[in-house]
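J.: So here's data33.txt, just compact mmCIF, C-alpha atoms:
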```
# COMPACT_ATOMS: atom_id res chain seq x y z
CA MET A 1 1.01 7.47 -26.73
CA GLY A 2 1.25 4.27 -24.75
CA VAL A 3 5.03 4.64 -24.39
CA LYS A 4 4.68 8.25 -23.17
CA MET A 5 2.10 7.21 -20.58
CA LYS A 6 4.38 4.42 -19.36
CA ASN A 7 7.33 6.82 -19.12
CA ASN A 8 5.27 9.39 -17.20
CA LEU A 9 3.99 6.69 -14.85
CA LEU A 10 7.54 5.47 -14.24
CA LYS A 11 8.80 9.04 -13.60
CA ASN A 12 5.93 9.75 -11.19
CA SER A 13 6.62 6.46 -9.38
CA PHE A 14 10.29 7.41 -8.91
CA ILE A 15 9.30 10.90 -7.70
CA THR A 16 6.83 9.40 -5.20
CA LEU A 17 9.42 6.87 -4.01
CA GLY A 18 12.01 9.63 -3.54
CA ALA A 19 9.47 11.73 -1.62
CA ILE A 20 8.65 8.78 0.66
CA ILE A 21 12.34 8.12 1.41
CA VAL A 22 13.01 11.80 2.18
CA GLY A 23 9.76 12.14 4.12
CA VAL A 24 10.28 9.06 6.30
CA GLY A 25 13.88 10.09 7.02
CA LEU A 26 12.91 13.63 8.06
CA PHE A 27 9.87 12.36 9.99
CA ILE A 28 12.08 10.05 12.08
CA LEU A 29 14.83 12.66 12.59
CA LEU A 30 12.37 15.32 13.75
CA GLY A 31 10.35 12.86 15.84
CA VAL A 32 13.35 11.44 17.69
CA PHE A 33 15.77 14.38 17.94
CA CYS A 34 13.69 17.57 17.58
CA THR A 35 11.20 17.61 20.43
CA ILE A 36 10.69 20.58 22.75
CA PRO A 37 9.18 20.27 26.25
CA SER A 38 5.68 21.72 26.34
CA PRO A 39 4.51 24.18 29.03
CA ILE A 40 2.06 21.41 29.97
CA LEU A 41 3.80 18.90 32.26
CA GLY A 42 4.67 15.59 30.60
CA LYS A 43 3.88 16.83 27.08
CA SER A 44 6.17 17.68 24.15
CA ILE A 45 6.06 19.88 21.08
CA VAL A 46 6.90 17.81 17.99
CA PHE A 47 7.65 18.86 14.40
CA GLN A 48 7.37 15.68 12.31
CA TYR A 49 3.74 16.23 11.33
CA SER A 50 4.65 19.46 9.54
CA ILE A 51 6.91 17.39 7.25
CA LEU A 52 4.21 14.76 6.79
CA ALA A 53 1.65 17.43 5.86
CA ALA A 54 4.06 18.96 3.32
CA ILE A 55 5.03 15.63 1.72
CA ALA A 56 1.37 14.61 1.45
CA ALA A 57 0.24 17.96 -0.01
CA VAL A 58 3.00 18.16 -2.64
CA PHE A 59 3.35 14.48 -3.62
CA GLY A 60 -0.12 13.06 -2.99
CA PRO A 61 -1.99 10.52 -0.84
CA VAL A 62 0.23 7.52 -1.60
CA ALA A 63 3.37 9.34 -0.45
CA GLY A 64 1.53 10.77 2.56
CA THR A 65 0.04 7.45 3.67
CA ILE A 66 3.27 5.44 3.41
CA THR A 67 5.36 8.22 5.00
CA GLY A 68 2.93 8.46 7.92
CA PHE A 69 2.90 4.71 8.51
CA LEU A 70 6.63 3.99 8.16
CA GLY A 71 7.68 7.18 9.96
CA HIS A 72 5.56 6.65 13.05
CA PHE A 73 6.20 2.89 13.11
CA CYS A 74 9.98 3.50 13.21
CA ILE A 75 9.64 6.20 15.90
CA SER A 76 7.53 3.85 18.04
CA LYS A 77 10.16 1.10 17.74
CA VAL A 78 13.01 3.51 18.61
CA VAL A 79 11.36 5.48 21.42
CA LEU A 80 8.90 2.97 22.92
CA SER A 81 10.50 -0.32 21.73
CA PHE A 82 7.06 -1.49 20.55
CA PRO A 83 4.59 -0.30 17.88
CA TYR A 84 1.90 1.94 19.38
CA TRP A 85 -0.76 1.04 16.83
CA SER A 86 -3.41 3.65 17.61
CA TYR A 87 -1.03 6.53 16.86
CA ILE A 88 0.61 4.69 13.94
CA ILE A 89 -2.82 4.29 12.32
CA ALA A 90 -3.65 7.92 13.17
CA SER A 91 -0.43 9.14 11.50
CA THR A 92 -1.15 6.96 8.46
CA LEU A 93 -4.66 8.39 8.14
CA PHE A 94 -3.37 11.93 8.61
CA GLY A 95 -0.99 11.36 5.69
CA LEU A 96 -3.85 9.97 3.60
CA VAL A 97 -6.30 12.81 4.38
CA MET A 98 -3.64 15.49 3.88
CA GLY A 99 -2.61 13.77 0.66
CA CYS A 100 -6.11 14.30 -0.74
CA SER A 101 -5.36 18.05 -0.74
CA TRP A 102 -2.94 17.27 -3.62
CA PHE A 103 -5.95 17.01 -5.98
CA LEU A 104 -7.05 20.52 -5.00
CA LEU A 105 -3.68 22.29 -4.61
CA LYS A 106 -2.11 20.80 -7.79
CA LEU A 107 1.37 21.90 -6.75
CA ASN A 108 2.88 19.76 -9.50
CA LYS A 109 1.26 22.11 -12.04
CA GLN A 110 0.87 25.53 -10.42
CA ALA A 111 2.85 27.86 -8.14
CA PHE A 112 2.53 28.06 -4.36
CA THR A 113 0.57 31.25 -3.63
CA ILE A 114 -1.09 32.90 -0.62
CA LYS A 115 -4.34 31.25 -1.69
CA THR A 116 -2.55 27.88 -1.76
CA ALA A 117 -1.20 28.49 1.75
CA VAL A 118 -4.69 29.31 3.04
CA ILE A 119 -6.22 26.18 1.48
CA PHE A 120 -3.32 24.05 2.76
CA ASN A 121 -3.78 25.30 6.32
CA LEU A 122 -7.56 24.95 6.31
CA TRP A 123 -7.09 21.39 5.09
CA GLN A 124 -4.49 20.58 7.76
CA ILE A 125 -6.77 21.94 10.51
CA VAL A 126 -9.64 19.71 9.36
CA SER A 127 -7.27 16.72 8.94
CA ASN A 128 -5.77 17.21 12.41
CA ALA A 129 -9.22 17.57 13.95
CA LEU A 130 -10.52 14.39 12.31
CA VAL A 131 -7.46 12.31 13.15
CA TRP A 132 -6.50 13.54 16.64
CA LEU A 133 -9.86 14.50 18.14
CA VAL A 134 -11.89 11.58 16.78
CA ILE A 135 -9.87 8.65 15.39
CA ALA A 136 -6.86 8.50 17.76
CA PRO A 137 -8.86 8.55 21.05
CA LEU A 138 -11.31 5.95 19.68
CA LEU A 139 -8.46 3.68 18.57
CA ASP A 140 -6.78 4.04 21.98
CA ASN A 141 -10.01 2.99 23.62
CA LEU A 142 -10.65 0.09 21.23
CA ILE A 143 -7.11 -1.32 21.03
CA TYR A 144 -5.70 -0.61 24.50
CA LYS A 145 -8.95 -0.17 26.51
CA ASN A 146 -7.64 3.15 27.78
CA ASP A 147 -9.85 5.78 29.34
CA PHE A 148 -11.31 7.86 26.50
CA LYS A 149 -11.22 11.14 28.48
CA ILE A 150 -7.54 10.81 29.45
CA PHE A 151 -6.39 10.06 25.92
CA PHE A 152 -8.73 12.66 24.45
CA ASN A 153 -6.76 15.24 26.50
CA ASP A 154 -3.50 13.87 25.02
CA SER A 155 -4.98 14.01 21.54
CA LEU A 156 -6.24 17.55 22.13
CA HIS A 157 -2.69 18.64 22.99
CA ILE A 158 -1.35 16.93 19.83
CA PHE A 159 -4.09 18.58 17.77
CA ILE A 160 -3.25 22.10 19.01
CA VAL A 161 0.52 21.61 18.66
CA ASN A 162 0.23 20.12 15.15
CA ILE A 163 -1.97 22.96 13.91
CA ILE A 164 0.42 25.66 15.15
CA VAL A 165 3.62 23.89 14.01
CA THR A 166 2.17 23.00 10.60
CA LEU A 167 0.89 26.56 10.17
CA PHE A 168 4.47 27.86 10.31
CA CYS A 169 6.89 25.01 9.55
CA GLY A 170 4.53 22.96 7.37
CA THR A 171 3.72 25.93 5.13
CA ILE A 172 7.44 26.64 4.67
CA PHE A 173 8.24 22.97 3.95
CA THR A 174 5.36 22.78 1.45
CA TYR A 175 6.63 25.89 -0.32
CA ILE A 176 10.20 24.50 -0.50
CA PHE A 177 9.11 21.04 -1.73
CA SER A 178 6.79 22.57 -4.34
CA LEU A 179 9.62 24.82 -5.58
CA ILE A 180 12.01 21.87 -5.96
CA PHE A 181 9.37 19.72 -7.63
CA LYS A 182 8.24 22.51 -9.98
CA THR A 183 11.86 23.38 -10.90
CA LYS A 184 12.56 19.77 -11.89
CA LYS A 185 9.35 19.66 -13.93
CA ASN A 186 10.18 22.94 -15.68
CA LYS A 187 13.70 21.74 -16.57
CA LYS A 188 12.28 18.56 -18.08
CA SER A 189 9.65 20.47 -20.07
CA GLU A 190 12.33 22.92 -21.31
CA LYS A 191 14.48 20.02 -22.49
CA THR A 192 11.59 18.35 -24.31
CA GLY A 193 10.57 21.71 -25.80
CA SER A 194 14.06 22.45 -27.12
CA SER A 195 14.46 18.94 -28.54
CA SER A 196 11.12 19.20 -30.36
CA LYS A 197 12.17 22.58 -31.81
CA LYS A 198 15.43 21.06 -33.07
CA SER A 199 13.57 18.19 -34.72
CA ASN A 200 11.17 20.64 -36.38
CA LYS A 201 14.11 22.65 -37.76
CA LYS A 202 15.72 19.50 -39.14
CA SER A 203 12.49 18.46 -40.85
CA LYS A 204 12.27 21.91 -42.50
```
What do you get writing this file as structure tokens?
T.:
Amino acid sequence: MGVKMKNNLLKNSFITLGAIIVGVGLFILLGVFCTIPSPILGKSIVFQYSILAAIAAVFGPVAGTITGFLGHFCISKVVLSFPYWSYIIASTLFGLVMGCSWFLLKLNKQAFTIKTAVIFNLWQIVSNALVWLVIAPLLDNLIYKNDFKIFFNDSLHIFIVNIIVTLFCGTIFTYIFSLIFKTKKNKKSEKTGSSSKKSNKKSK
């Protein structure tokens, strides 16, 4: 029993590590190369938070938190040449809060359904609201002494964009990741099932 638990823990650790590597890579690629100018002057439509939401929902809070931190830290260094800590912390917390939906969605055990999509999107709306309408403007004010109203307007734009993009792209990414993850799990369970059947036949 102890050996099985250790093996499962090791497998889950490798899965989480793989998810973080893929998530951070996609987060940076989308954040640096896939931005669309917004109708609002000086603003952009970004897609990286849809990936972060999907990674967090499918692989849990650890994967979501680390992906959010490393992804936004790297983007800040590439685009701004310095870490913009208020948004880095905000992205990290978004990954953490979205990752908590993993306990409810249980996409490692059950299929992605319409009900799952509804819960996922309700969760991402609440997560985006908490992070971008409350935490990010407060952090901007505390760390950089910026005007709360000005940066609340920036955060409001991010909030609206993230909700819409995650509604479409994030739902699709979550479905794809859950399919891949579930397929791998099913293959492993089929192998263990067939091997146990063979051993039972031999014992007979």
J.: Leaving out Ile75 in chain A and any residue of its chain fewer than 4 positions from it, which residues lie within 10 Å of it when counting all atoms listed in the file, given as a VMD selection string?
T.: chain A and resid 27 to 32 70 to 71 79 to 84 88
J.: Using only C-alpha atoms, can you tell me which of A:Leu133, A:Ser86, A:Thr171, A:Ser38 comes closest to Lys145 in chain A?
T.: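 For Lys145 in chain A, the nearest of the given residues is A:Ser86.
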J.: Can you tell me, as a list in words, what residues are no more than 7 Å from range 118-127 of chain A when counting all atoms listed in the file, ignoring any on the same chain fewer than 6 positions away?
T.: Phe94, Val97, Met98, Ser101, Ile163 and Leu167 of chain A
J.: Just the number, please: distance in Å from CA of Ile150 in chain A to CA of Ile66 in chain A, one decimal.
T.: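 One can read the CA of Ile150 in chain A to CA of Ile66 in chain A distance as 28.7 Å.
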J.: When you count all atoms listed in the file, which of these residues is closest to Asn108 in chain A: A:Gly60, A:Gly25, A:Pro39, A:Gly170?
T.: A:Gly60
J.: Residues within 7 Å of Phe69 in chain A, please, as a short mmCIF file (atom, residue, chain, number, x, y, z; two decimals) with C-alpha atoms, in the frame of the given file. Count all atoms listed in the file; anything in the same chain fewer than 3 positions from it doesn't count.
T.:
```
data_model
loop_
_atom_site.label_atom_id
_atom_site.label_comp_id
_atom_site.auth_asym_id
_atom_site.auth_seq_id
_atom_site.Cartn_x
_atom_site.Cartn_y
_atom_site.Cartn_z
CA THR A 65 0.04 7.45 3.67
CA ILE A 66 3.27 5.44 3.41
CA HIS A 72 5.56 6.65 13.05
CA PHE A 73 6.20 2.89 13.11
CA ILE A 88 0.61 4.69 13.94
CA ILE A 89 -2.82 4.29 12.32
CA SER A 91 -0.43 9.14 11.50
CA THR A 92 -1.15 6.96 8.46
#
```
J.: Using all atoms listed in the file, which of the listed residues (A:Ile40, A:Thr67, A:Lys4, A:Asn153) sits closest to Thr16 in chain A?
T.: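 Of A:Ile40, A:Thr67, A:Lys4, A:Asn153, the one nearest Thr16 in chain A is A:Thr67, counting all atoms listed in the file.
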J.: Would you kindly return, as an mmCIF file with C-alpha atoms, in the frame of the given file, each protein, DNA or RNA residue with an atom no farther than 7 Å from any atom of range 45-55 of chain A, considering only C-alpha atoms and excluding same-chain residues fewer than 4 positions away?
T.:
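Result file selection09.cif:
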```cif
data_model
loop_
_atom_site.group_PDB
_atom_site.id
_atom_site.type_symbol
_atom_site.label_atom_id
_atom_site.label_comp_id
_atom_site.auth_asym_id
_atom_site.auth_seq_id
_atom_site.Cartn_x
_atom_site.Cartn_y
_atom_site.Cartn_z
ATOM 1 C CA ALA A 19 9.470 11.730 -1.620
ATOM 2 C CA GLY A 23 9.760 12.140 4.120
ATOM 3 C CA PHE A 27 9.870 12.360 9.990
ATOM 4 C CA LEU A 30 12.370 15.320 13.750
ATOM 5 C CA GLY A 31 10.350 12.860 15.840
ATOM 6 C CA CYS A 34 13.690 17.570 17.580
ATOM 7 C CA THR A 35 11.200 17.610 20.430
ATOM 8 C CA ILE A 36 10.690 20.580 22.750
ATOM 9 C CA PRO A 37 9.180 20.270 26.250
ATOM 10 C CA SER A 38 5.680 21.720 26.340
ATOM 11 C CA PHE A 59 3.350 14.480 -3.620
ATOM 12 C CA ALA A 63 3.370 9.340 -0.450
ATOM 13 C CA GLY A 64 1.530 10.770 2.560
ATOM 14 C CA THR A 67 5.360 8.220 5.000
ATOM 15 C CA GLY A 68 2.930 8.460 7.920
ATOM 16 C CA GLY A 95 -0.990 11.360 5.690
ATOM 17 C CA MET A 98 -3.640 15.490 3.880
ATOM 18 C CA VAL A 161 0.520 21.610 18.660
ATOM 19 C CA ASN A 162 0.230 20.120 15.150
ATOM 20 C CA VAL A 165 3.620 23.890 14.010
ATOM 21 C CA THR A 166 2.170 23.000 10.600
ATOM 22 C CA CYS A 169 6.890 25.010 9.550
ATOM 23 C CA GLY A 170 4.530 22.960 7.370
ATOM 24 C CA PHE A 173 8.240 22.970 3.950
ATOM 25 C CA THR A 174 5.360 22.780 1.450
#
```
J.: At what distance in Å, to one decimal, does CA of Pro61 in chain A lie from CA of Leu96 in chain A?
T.: 4.8 Å
J.: For range 21-31 of chain A, what centre and edge lengths in Å (one decimal) does the axis-aligned box get once 8 Å is added on each side of all its listed atoms, as AutoDock Vina command-line options?
T.:
```
--center_x 12.3 --center_y 11.7 --center_z 8.6 --size_x 21.1 --size_y 23.2 --size_z 30.4
```
J.: Work out how far apart CA of Trp132 in chain A and CA of Leu156 in chain A are and give it in Å to one decimal.
T.: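 Between these atoms lies a distance of 6.8 Å.
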J.: With all atoms listed in the file as the basis for distance, which of A:Lys43, A:Tyr87, A:Leu107, A:Ile20 is at the shortest distance from Val131 in chain A?
T.: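 Of A:Lys43, A:Tyr87, A:Leu107, A:Ile20, the one nearest Val131 in chain A is A:Tyr87, counting all atoms listed in the file.
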J.: I'd like the contact shell of range 111-114 of chain A - 9 Å cut-off, all atoms listed in the file, skipping same-chain residues fewer than 5 positions apart - returned as a ChimeraX atom specification.
T.: /A:105-106,119,174-175,178-179,182
J.: A:Asn141, A:Ala57, A:Ile135, A:Val3: which is nearest Leu104 in chain A, counting only C-alpha atoms?
T.: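 When distances to Leu104 in chain A are compared using only C-alpha atoms, the smallest one comes from A:Ala57.
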